[in-house]
Amino acid sequence: MLNGVQMYQINAWSFTKCAWRITICINRKTYLCTMILTDTHTHLYAKEFDPDRNAVIQRSIDAGVSRLFLPNIDSHSVSGMLELIKHYPQNCFPMAGIHPCSVHLNYEEQLKEVETGLSKKEMKFCAMGEIGLDFYRDITFASQQKVAFCKQLELALKHHLPVVLHVRKAFKETLEIVKEYNCPELKGIFHCFSGSPEEANQVLSLTGFYLGIGGVITFKNSGLQELVPQIPLEHIVLETDAPYLAPAPFRGKRNESVYITLIAQKLAELKNCTVEEVAEQTTKNSIAIFGV
Ligand SMILES: [Zn+2]
């Protein structure tokens, strides 16, 4: 603390906070932060944040990353997520749903719990997420994953909620299912998108669907650096997927929502626009999806 100015320093990245402005310094370039950035996908309730969760969230809010959308995983993650909503009602927004990797034999029971949660008047969920198909490691429950996914798309439509989709090694199958349910009311995000230009076009041809772009954009070998300049900002939202997939220069370390600033910076560089433009448009997109 220096004359009322707080200084945060994490390797190549730092920001200074005082009463009237926030200055973000990334790789020696300085940005005056008057922006509102949105992390559309962050697991802040994860055990990786147990030692310093409040500091992590405060650091994010102080840097302008003040809108934090929390996808659920399964029945075990609900209480931690709702605890955060109690403490940060202006900043944290909860989702309901079962991650495809949590779909096992008892998925019907889990779905019932999701349905009960959705019907509670005192809790307002902003989306169904994260839901979808993951055939990357284990396809034991592939057919159950499909049934659970369809059921959760139906719940999204019934409760007028957008969807946050987790898709891994299952793009074709996911798209087929989404197309079955596609209608003007169904909107959402293909979270952590890292597909081909053709796949990106297929997503964008569905009205109301956006690509979630995260830390992978900073990885040189990901293909995203070639893809992203072709995607209009109007179809992109930002996400960290914290604590996973930290952007460079923190690759391999714990990810935090504050690193949305690094993702926004990389996106601005690739799209040849300002960080402010990225912040404004991607936050606008997130409002169009979630309605908050
Ligand atoms: Zn996630």
# chains A, B, ... in the order shown; residues from 1 in each chain; ligands from 1
>>> residues_around(residues="Lys220 (chain A)", least_positions_apart="2", cutoff="12 Å", atoms="only C-alpha atoms", output="mmCIF file with C-alpha atoms, in the first residue's frame")
data_model
loop_
_atom_site.group_PDB
_atom_site.id
_atom_site.type_symbol
_atom_site.label_atom_id
_atom_site.label_comp_id
_atom_site.auth_asym_id
_atom_site.auth_seq_id
_atom_site.Cartn_x
_atom_site.Cartn_y
_atom_site.Cartn_z
ATOM 1 C CA GLY A 215 -6.609 -18.623 -22.343
ATOM 2 C CA VAL A 216 -5.957 -20.991 -25.249
ATOM 3 C CA ILE A 217 -5.938 -17.901 -27.497
ATOM 4 C CA THR A 218 -2.512 -17.072 -26.039
ATOM 5 C CA SER A 222 -3.694 -23.729 -30.756
ATOM 6 C CA GLY A 223 -4.936 -22.561 -34.173
ATOM 7 C CA LEU A 224 -7.114 -19.968 -32.426
ATOM 8 C CA GLN A 225 -4.740 -17.125 -33.333
ATOM 9 C CA GLU A 226 -5.468 -17.815 -37.028
ATOM 10 C CA LEU A 227 -9.189 -18.403 -36.483
ATOM 11 C CA PRO A 247 -3.216 -17.999 -20.418
ATOM 12 C CA ALA A 248 0.446 -17.275 -21.140
ATOM 13 C CA PRO A 249 2.606 -16.346 -19.260
ATOM 14 C CA ARG A 251 0.259 -21.557 -18.691
ATOM 15 C CA LYS A 266 -4.562 -10.858 -26.901
#
>>> residues_near_ligand(ligand="ligand 1", cutoff="9 Å", atoms="only C-alpha atoms and all ligand atoms", output="CSV table (one decimal) with N, CA and C atoms, in the first residue's frame")
chain,number,residue,atom,x,y,z
A,41,HIS,N,-17.2,-17.9,-17.7
A,41,HIS,CA,-17.1,-19.3,-17.4
A,41,HIS,C,-15.9,-19.4,-16.3
A,42,THR,N,-16.3,-19.4,-15.1
A,42,THR,CA,-15.3,-19.5,-14.0
A,42,THR,C,-15.8,-20.4,-12.9
A,43,HIS,N,-14.9,-21.3,-12.5
A,43,HIS,CA,-15.3,-22.3,-11.4
A,43,HIS,C,-14.7,-21.7,-10.1
A,70,LEU,N,-20.8,-18.5,-13.1
A,70,LEU,CA,-20.3,-19.8,-12.5
A,70,LEU,C,-21.1,-21.0,-13.1
A,71,PRO,N,-20.5,-21.8,-13.9
A,71,PRO,CA,-21.1,-23.0,-14.4
A,71,PRO,C,-21.1,-24.0,-13.3
A,72,ASN,N,-22.1,-24.8,-13.2
A,72,ASN,CA,-22.1,-25.9,-12.2
A,72,ASN,C,-21.5,-27.1,-12.8
A,73,ILE,N,-21.1,-28.1,-11.9
A,73,ILE,CA,-20.5,-29.3,-12.4
A,73,ILE,C,-21.5,-30.5,-12.1
A,99,HIS,N,-22.4,-31.4,-15.7
A,99,HIS,CA,-21.3,-31.5,-16.6
A,99,HIS,C,-21.4,-32.9,-17.3
A,129,GLY,N,-25.8,-24.9,-17.3
A,129,GLY,CA,-24.4,-25.1,-17.7
A,129,GLY,C,-23.6,-25.7,-16.6
A,130,GLU,N,-22.5,-26.3,-16.8
A,130,GLU,CA,-22.2,-26.6,-18.2
A,130,GLU,C,-22.7,-28.0,-18.6
A,166,HIS,N,-20.4,-27.6,-23.0
A,166,HIS,CA,-19.1,-28.2,-22.9
A,166,HIS,C,-19.0,-29.3,-24.0
A,191,HIS,N,-18.6,-23.2,-25.1
A,191,HIS,CA,-17.6,-22.8,-24.2
A,191,HIS,C,-16.2,-23.4,-24.6
A,192,CYS,N,-15.2,-22.6,-24.4
A,192,CYS,CA,-13.8,-23.0,-24.7
A,192,CYS,C,-13.7,-23.5,-26.1
A,240,THR,N,-12.5,-17.7,-18.7
A,240,THR,CA,-11.2,-18.2,-18.2
A,240,THR,C,-11.2,-19.7,-18.1
A,241,ASP,N,-12.4,-20.3,-17.6
A,241,ASP,CA,-12.5,-21.7,-17.2
A,241,ASP,C,-11.6,-21.9,-16.0
A,242,ALA,N,-11.4,-20.9,-15.2
A,242,ALA,CA,-10.6,-21.0,-14.0
A,242,ALA,C,-11.1,-22.1,-13.1
A,243,PRO,N,-10.3,-22.9,-12.5
A,243,PRO,CA,-8.8,-22.8,-12.3
A,243,PRO,C,-8.0,-23.4,-13.4
A,244,TYR,N,-8.7,-23.8,-14.5
A,244,TYR,CA,-7.9,-24.5,-15.6
A,244,TYR,C,-7.5,-23.6,-16.7
>>> residues_around(residues="Val292 (chain A)", least_positions_apart="6", cutoff="9 Å", atoms="only C-alpha atoms", output="PyMOL selection string")
chain A and resi 93+126+286
>>> closest_atom_pairs(of="region 103-187 of chain A", to="region 94-98 of chain A", cutoff="10 Å", atoms="only C-alpha atoms", output="JSON lines")
{"residue": "A:Val103", "atom": "CA", "partner": "A:Ile98", "partner_atom": "CA", "distance": 6.9}
{"residue": "A:Tyr107", "atom": "CA", "partner": "A:Ile98", "partner_atom": "CA", "distance": 8.5}
{"residue": "A:Gln110", "atom": "CA", "partner": "A:Ile98", "partner_atom": "CA", "distance": 7.6}
{"residue": "A:Leu111", "atom": "CA", "partner": "A:Ile98", "partner_atom": "CA", "distance": 7.6}
{"residue": "A:Glu113", "atom": "CA", "partner": "A:Gly97", "partner_atom": "CA", "distance": 9.3}
{"residue": "A:Val114", "atom": "CA", "partner": "A:Gly97", "partner_atom": "CA", "distance": 6.1}
{"residue": "A:Glu115", "atom": "CA", "partner": "A:Ala96", "partner_atom": "CA", "distance": 8.8}
{"residue": "A:Gly117", "atom": "CA", "partner": "A:Ala96", "partner_atom": "CA", "distance": 7.7}
{"residue": "A:Leu118", "atom": "CA", "partner": "A:Ala96", "partner_atom": "CA", "distance": 7.3}
{"residue": "A:Met123", "atom": "CA", "partner": "A:Pro94", "partner_atom": "CA", "distance": 9.0}
{"residue": "A:Lys124", "atom": "CA", "partner": "A:Pro94", "partner_atom": "CA", "distance": 7.7}
{"residue": "A:Phe125", "atom": "CA", "partner": "A:Met95", "partner_atom": "CA", "distance": 5.2}
{"residue": "A:Cys126", "atom": "CA", "partner": "A:Met95", "partner_atom": "CA", "distance": 5.6}
{"residue": "A:Ala127", "atom": "CA", "partner": "A:Met95", "partner_atom": "CA", "distance": 4.9}
{"residue": "A:Met128", "atom": "CA", "partner": "A:Ala96", "partner_atom": "CA", "distance": 4.9}
{"residue": "A:Gly129", "atom": "CA", "partner": "A:Gly97", "partner_atom": "CA", "distance": 5.1}
{"residue": "A:Glu130", "atom": "CA", "partner": "A:Gly97", "partner_atom": "CA", "distance": 6.1}
{"residue": "A:Ile131", "atom": "CA", "partner": "A:Ile98", "partner_atom": "CA", "distance": 5.8}
{"residue": "A:Gly132", "atom": "CA", "partner": "A:Ile98", "partner_atom": "CA", "distance": 8.6}
{"residue": "A:Gln145", "atom": "CA", "partner": "A:Ile98", "partner_atom": "CA", "distance": 9.6}
{"residue": "A:Ala148", "atom": "CA", "partner": "A:Ile98", "partner_atom": "CA", "distance": 8.1}
{"residue": "A:Phe149", "atom": "CA", "partner": "A:Ile98", "partner_atom": "CA", "distance": 8.6}
{"residue": "A:Gln152", "atom": "CA", "partner": "A:Gly97", "partner_atom": "CA", "distance": 7.1}
{"residue": "A:Leu153", "atom": "CA", "partner": "A:Gly97", "partner_atom": "CA", "distance": 10.0}
{"residue": "A:Leu155", "atom": "CA", "partner": "A:Gly97", "partner_atom": "CA", "distance": 9.5}
{"residue": "A:Ala156", "atom": "CA", "partner": "A:Ala96", "partner_atom": "CA", "distance": 9.5}
{"residue": "A:Leu161", "atom": "CA", "partner": "A:Met95", "partner_atom": "CA", "distance": 9.4}
{"residue": "A:Pro162", "atom": "CA", "partner": "A:Met95", "partner_atom": "CA", "distance": 9.7}
{"residue": "A:Val163", "atom": "CA", "partner": "A:Met95", "partner_atom": "CA", "distance": 9.0}
{"residue": "A:Val164", "atom": "CA", "partner": "A:Met95", "partner_atom": "CA", "distance": 8.7}
>>> write_last_selection(atoms="N, CA and C atoms", output="PDB file, in the first residue's frame")
ATOM      1  N   VAL A 103     -22.029 -37.297 -15.732  1.00  0.00           N
ATOM      2  CA  VAL A 103     -23.203 -38.117 -16.067  1.00  0.00           C
ATOM      3  C   VAL A 103     -22.814 -39.590 -15.936  1.00  0.00           C
ATOM      4  N   TYR A 107     -27.709 -40.608 -13.278  1.00  0.00           N
ATOM      5  CA  TYR A 107     -27.952 -39.283 -13.862  1.00  0.00           C
ATOM      6  C   TYR A 107     -29.410 -38.833 -13.744  1.00  0.00           C
ATOM      7  N   GLN A 110     -29.795 -37.172 -10.484  1.00  0.00           N
ATOM      8  CA  GLN A 110     -29.149 -35.851 -10.538  1.00  0.00           C
ATOM      9  C   GLN A 110     -30.007 -34.838 -11.307  1.00  0.00           C
ATOM     10  N   LEU A 111     -30.608 -35.313 -12.395  1.00  0.00           N
ATOM     11  CA  LEU A 111     -31.458 -34.418 -13.189  1.00  0.00           C
ATOM     12  C   LEU A 111     -32.654 -33.926 -12.383  1.00  0.00           C
ATOM     13  N   GLU A 113     -32.691 -33.450  -9.197  1.00  0.00           N
ATOM     14  CA  GLU A 113     -32.200 -32.406  -8.289  1.00  0.00           C
ATOM     15  C   GLU A 113     -32.071 -31.073  -9.021  1.00  0.00           C
ATOM     16  N   VAL A 114     -31.587 -31.137 -10.264  1.00  0.00           N
ATOM     17  CA  VAL A 114     -31.447 -29.915 -11.064  1.00  0.00           C
ATOM     18  C   VAL A 114     -32.824 -29.279 -11.248  1.00  0.00           C
ATOM     19  N   GLU A 115     -33.788 -30.111 -11.580  1.00  0.00           N
ATOM     20  CA  GLU A 115     -35.151 -29.623 -11.812  1.00  0.00           C
ATOM     21  C   GLU A 115     -35.729 -28.978 -10.555  1.00  0.00           C
ATOM     22  N   GLY A 117     -34.033 -27.631  -8.118  1.00  0.00           N
ATOM     23  CA  GLY A 117     -33.303 -26.367  -7.932  1.00  0.00           C
ATOM     24  C   GLY A 117     -33.883 -25.261  -8.801  1.00  0.00           C
ATOM     25  N   LEU A 118     -34.196 -25.608 -10.033  1.00  0.00           N
ATOM     26  CA  LEU A 118     -34.712 -24.608 -10.971  1.00  0.00           C
ATOM     27  C   LEU A 118     -36.091 -24.096 -10.560  1.00  0.00           C
ATOM     28  N   MET A 123     -34.087 -18.794  -5.754  1.00  0.00           N
ATOM     29  CA  MET A 123     -32.799 -18.861  -6.447  1.00  0.00           C
ATOM     30  C   MET A 123     -32.983 -18.607  -7.936  1.00  0.00           C
ATOM     31  N   LYS A 124     -32.262 -17.606  -8.439  1.00  0.00           N
ATOM     32  CA  LYS A 124     -32.410 -17.313  -9.858  1.00  0.00           C
ATOM     33  C   LYS A 124     -31.148 -17.759 -10.602  1.00  0.00           C
ATOM     34  N   PHE A 125     -31.286 -18.778 -11.421  1.00  0.00           N
ATOM     35  CA  PHE A 125     -30.148 -19.244 -12.213  1.00  0.00           C
ATOM     36  C   PHE A 125     -30.099 -18.465 -13.527  1.00  0.00           C
ATOM     37  N   CYS A 126     -28.877 -18.205 -14.021  1.00  0.00           N
ATOM     38  CA  CYS A 126     -28.749 -17.389 -15.234  1.00  0.00           C
ATOM     39  C   CYS A 126     -28.630 -18.251 -16.486  1.00  0.00           C
ATOM     40  N   ALA A 127     -28.403 -19.565 -16.321  1.00  0.00           N
ATOM     41  CA  ALA A 127     -28.228 -20.432 -17.498  1.00  0.00           C
ATOM     42  C   ALA A 127     -28.255 -21.890 -17.075  1.00  0.00           C
ATOM     43  N   MET A 128     -28.349 -22.777 -18.080  1.00  0.00           N
ATOM     44  CA  MET A 128     -28.109 -24.195 -17.859  1.00  0.00           C
ATOM     45  C   MET A 128     -26.659 -24.422 -18.275  1.00  0.00           C
ATOM     46  N   GLY A 129     -25.835 -24.855 -17.342  1.00  0.00           N
ATOM     47  CA  GLY A 129     -24.436 -25.058 -17.704  1.00  0.00           C
ATOM     48  C   GLY A 129     -23.649 -25.670 -16.567  1.00  0.00           C
ATOM     49  N   GLU A 130     -22.479 -26.346 -16.813  1.00  0.00           N
ATOM     50  CA  GLU A 130     -22.172 -26.586 -18.187  1.00  0.00           C
ATOM     51  C   GLU A 130     -22.689 -27.956 -18.569  1.00  0.00           C
ATOM     52  N   ILE A 131     -23.300 -27.997 -19.727  1.00  0.00           N
ATOM     53  CA  ILE A 131     -23.944 -29.219 -20.203  1.00  0.00           C
ATOM     54  C   ILE A 131     -23.393 -29.544 -21.593  1.00  0.00           C
ATOM     55  N   GLY A 132     -23.554 -30.776 -22.034  1.00  0.00           N
ATOM     56  CA  GLY A 132     -23.068 -31.106 -23.373  1.00  0.00           C
ATOM     57  C   GLY A 132     -22.584 -32.533 -23.462  1.00  0.00           C
ATOM     58  N   GLN A 145     -25.069 -39.604 -21.584  1.00  0.00           N
ATOM     59  CA  GLN A 145     -24.710 -38.190 -21.791  1.00  0.00           C
ATOM     60  C   GLN A 145     -25.679 -37.531 -22.766  1.00  0.00           C
ATOM     61  N   ALA A 148     -29.098 -37.035 -21.079  1.00  0.00           N
ATOM     62  CA  ALA A 148     -29.025 -35.952 -20.088  1.00  0.00           C
ATOM     63  C   ALA A 148     -28.923 -34.592 -20.779  1.00  0.00           C
ATOM     64  N   PHE A 149     -28.167 -34.551 -21.873  1.00  0.00           N
ATOM     65  CA  PHE A 149     -28.009 -33.300 -22.623  1.00  0.00           C
ATOM     66  C   PHE A 149     -29.360 -32.840 -23.185  1.00  0.00           C
ATOM     67  N   GLN A 152     -31.630 -31.561 -20.536  1.00  0.00           N
ATOM     68  CA  GLN A 152     -31.238 -30.253 -20.014  1.00  0.00           C
ATOM     69  C   GLN A 152     -31.508 -29.135 -21.027  1.00  0.00           C
ATOM     70  N   LEU A 153     -31.469 -29.456 -22.313  1.00  0.00           N
ATOM     71  CA  LEU A 153     -31.863 -28.468 -23.320  1.00  0.00           C
ATOM     72  C   LEU A 153     -33.364 -28.181 -23.179  1.00  0.00           C
ATOM     73  N   LEU A 155     -35.058 -28.438 -20.402  1.00  0.00           N
ATOM     74  CA  LEU A 155     -35.221 -27.621 -19.189  1.00  0.00           C
ATOM     75  C   LEU A 155     -34.882 -26.156 -19.462  1.00  0.00           C
ATOM     76  N   ALA A 156     -33.834 -25.942 -20.282  1.00  0.00           N
ATOM     77  CA  ALA A 156     -33.435 -24.571 -20.629  1.00  0.00           C
ATOM     78  C   ALA A 156     -34.591 -23.857 -21.325  1.00  0.00           C
ATOM     79  N   LEU A 161     -33.943 -20.218 -20.252  1.00  0.00           N
ATOM     80  CA  LEU A 161     -32.546 -19.979 -19.890  1.00  0.00           C
ATOM     81  C   LEU A 161     -31.626 -20.283 -21.076  1.00  0.00           C
ATOM     82  N   PRO A 162     -30.526 -19.518 -21.194  1.00  0.00           N
ATOM     83  CA  PRO A 162     -29.529 -19.873 -22.208  1.00  0.00           C
ATOM     84  C   PRO A 162     -28.733 -21.102 -21.769  1.00  0.00           C
ATOM     85  N   VAL A 163     -27.921 -21.644 -22.686  1.00  0.00           N
ATOM     86  CA  VAL A 163     -27.144 -22.846 -22.356  1.00  0.00           C
ATOM     87  C   VAL A 163     -25.647 -22.584 -22.533  1.00  0.00           C
ATOM     88  N   VAL A 164     -24.854 -23.143 -21.642  1.00  0.00           N
ATOM     89  CA  VAL A 164     -23.391 -23.055 -21.757  1.00  0.00           C
ATOM     90  C   VAL A 164     -22.900 -24.471 -22.034  1.00  0.00           C
TER      91      VAL A 164
END
>>> atom_distance(atom1="CA of Glu280 (chain A)", atom2="CA of Lys187 (chain A)")
20.0 Å
>>> residues_around(residues="Lys146 (chain A)", least_positions_apart="6", cutoff="9 Å", atoms="only C-alpha atoms", output="PDB file with C-alpha atoms, in the first residue's frame")
ATOM      1  CA  PRO A 100     -21.189 -34.383 -19.180  1.00  0.00           C
ATOM      2  CA  GLY A 132     -23.068 -31.106 -23.373  1.00  0.00           C
ATOM      3  CA  LEU A 133     -21.040 -34.085 -24.541  1.00  0.00           C
ATOM      4  CA  GLU A 173     -22.941 -35.102 -32.167  1.00  0.00           C
ATOM      5  CA  THR A 174     -23.459 -31.935 -30.105  1.00  0.00           C
ATOM      6  CA  ILE A 177     -28.644 -32.323 -30.966  1.00  0.00           C
TER       7      ILE A 177
END
>>> closest_residue(among="A:Leu206, A:Ala142, A:Val78, A:Ala46", to="Asn255 (chain A)", atoms="only C-alpha atoms")
A:Ala46
>>> residues_around(residues="Asn272 (chain A)", least_positions_apart="5", cutoff="12 Å", atoms="only C-alpha atoms", output="PyMOL selection string")
chain A and resi 228-230+232-233+264-267+277-278
